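Engineer: I have a structure I would like to understand better, so I am pasting it below and will then ask my questions one at a time.
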Amino acid sequence: MTLLRTLFVLLLLALGGCSSAPEPQTPAPEPARAAPGIPRDSLLALFREWQGTPYRLGGSDRRGMDCSALVQLAYQSTQALALPRTVAEQARLGRPVPLAEVVPGDLLFFKTGRRQQHVAIALGERRFLHVSTSQGVIISTLDNPFWATALLQARRLL
């Protein structure tokens, strides 16, 4: 009987040992990368602060500003990133992004006249923040036929 009991205990130990074998390790998930762009809330706060500021070519203060100054202000105040002053210089930054992949903070470039270009900051959902010559700092949409046909490219800086 003792032999039987010993075999029984050894069997239990052997079975218990099988269940304690290490489980296969699954690789740890990659750390999540920060989403590109500027948080939409930060851009909307900037809009509320500057809404209605009139357009003024070369301006960069409350008396008036132009589109590239607004972009410069947005990146400086939300990302501590100094951008060049002109639309042409800003259009050479970052990398092109398909319109379907635009995120808040991406820059949208437009051809608004024979030699004029315009820059705006994407807010998502086809909306963008910019300085209109007639209405000052406003939010517009790419659903507007003028803006849809004037769009040249989108670029991502972050």
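Residues in the structure tokens are named by chain (A, B, ... in the order shown) and by number from 1 within that chain; ligands are numbered from 1 in the order shown.
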Return as a tab-separated table the residues of range 56-77 of chain A lying at most 12 Å from range 96-117 of chain A, together with the closest atom-to-atom pair for each and the distance in Å to one decimal, counting only C-alpha atoms, with rows in chain order and ascending residue number.

Structural biologist:
```
residue	atom	partner	partner_atom	distance
A:Leu57	CA	A:Gln116	CA	11.9
A:Asp66	CA	A:Gln117	CA	11.4
A:Cys67	CA	A:Gln117	CA	9.5
A:Ser68	CA	A:Gln117	CA	10.0
A:Leu70	CA	A:Leu107	CA	11.3
A:Val71	CA	A:Leu107	CA	8.2
A:Gln72	CA	A:Leu107	CA	11.0
A:Ala74	CA	A:Gly105	CA	8.7
A:Tyr75	CA	A:Gly105	CA	8.4
```

Engineer: Give me the residues within 9 Å of Gln51 in chain A as a short mmCIF file (atom, residue, chain, number, x, y, z; two decimals) with N, CA and C atoms, in the first residue's frame, counting only C-alpha atoms and dropping any in the same chain fewer than 4 places off.

Structural biologist:
```cif
data_model
loop_
_atom_site.label_atom_id
_atom_site.label_comp_id
_atom_site.auth_asym_id
_atom_site.auth_seq_id
_atom_site.Cartn_x
_atom_site.Cartn_y
_atom_site.Cartn_z
N LEU A 46 -6.85 78.52 -29.82
CA LEU A 46 -6.17 79.58 -30.57
C LEU A 46 -7.18 80.36 -31.41
N PHE A 47 -8.09 79.65 -32.03
CA PHE A 47 -9.14 80.31 -32.83
C PHE A 47 -9.96 81.26 -31.95
N GLY A 136 -11.17 88.05 -41.64
CA GLY A 136 -10.14 87.86 -40.62
C GLY A 136 -9.97 86.40 -40.25
N VAL A 137 -9.59 86.14 -39.00
CA VAL A 137 -9.34 84.77 -38.54
C VAL A 137 -10.68 84.04 -38.42
N ILE A 138 -10.82 82.99 -39.21
CA ILE A 138 -12.08 82.23 -39.26
C ILE A 138 -11.79 80.75 -39.45
N ILE A 139 -12.86 79.97 -39.38
CA ILE A 139 -12.82 78.55 -39.73
C ILE A 139 -13.64 78.38 -41.00
#
```

Engineer: Per DSSP on the backbone, filter range 35-90 of chain A down to the residues in strand (DSSP E or B) and report them as a list in words.

Structural biologist: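 Restricting range 35-90 of chain A to strand (DSSP E or B) produces Tyr55, Ser60, Asp61, Gly64 and Met65 of chain A.
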
Engineer: Quick one: everything within 9 Å of Arg95 in chain A, counting only C-alpha atoms, minus sequence neighbours fewer than 3 positions away in the same chain. Send it as an NGL selection string.

Structural biologist: :A and (92 or 154-157)
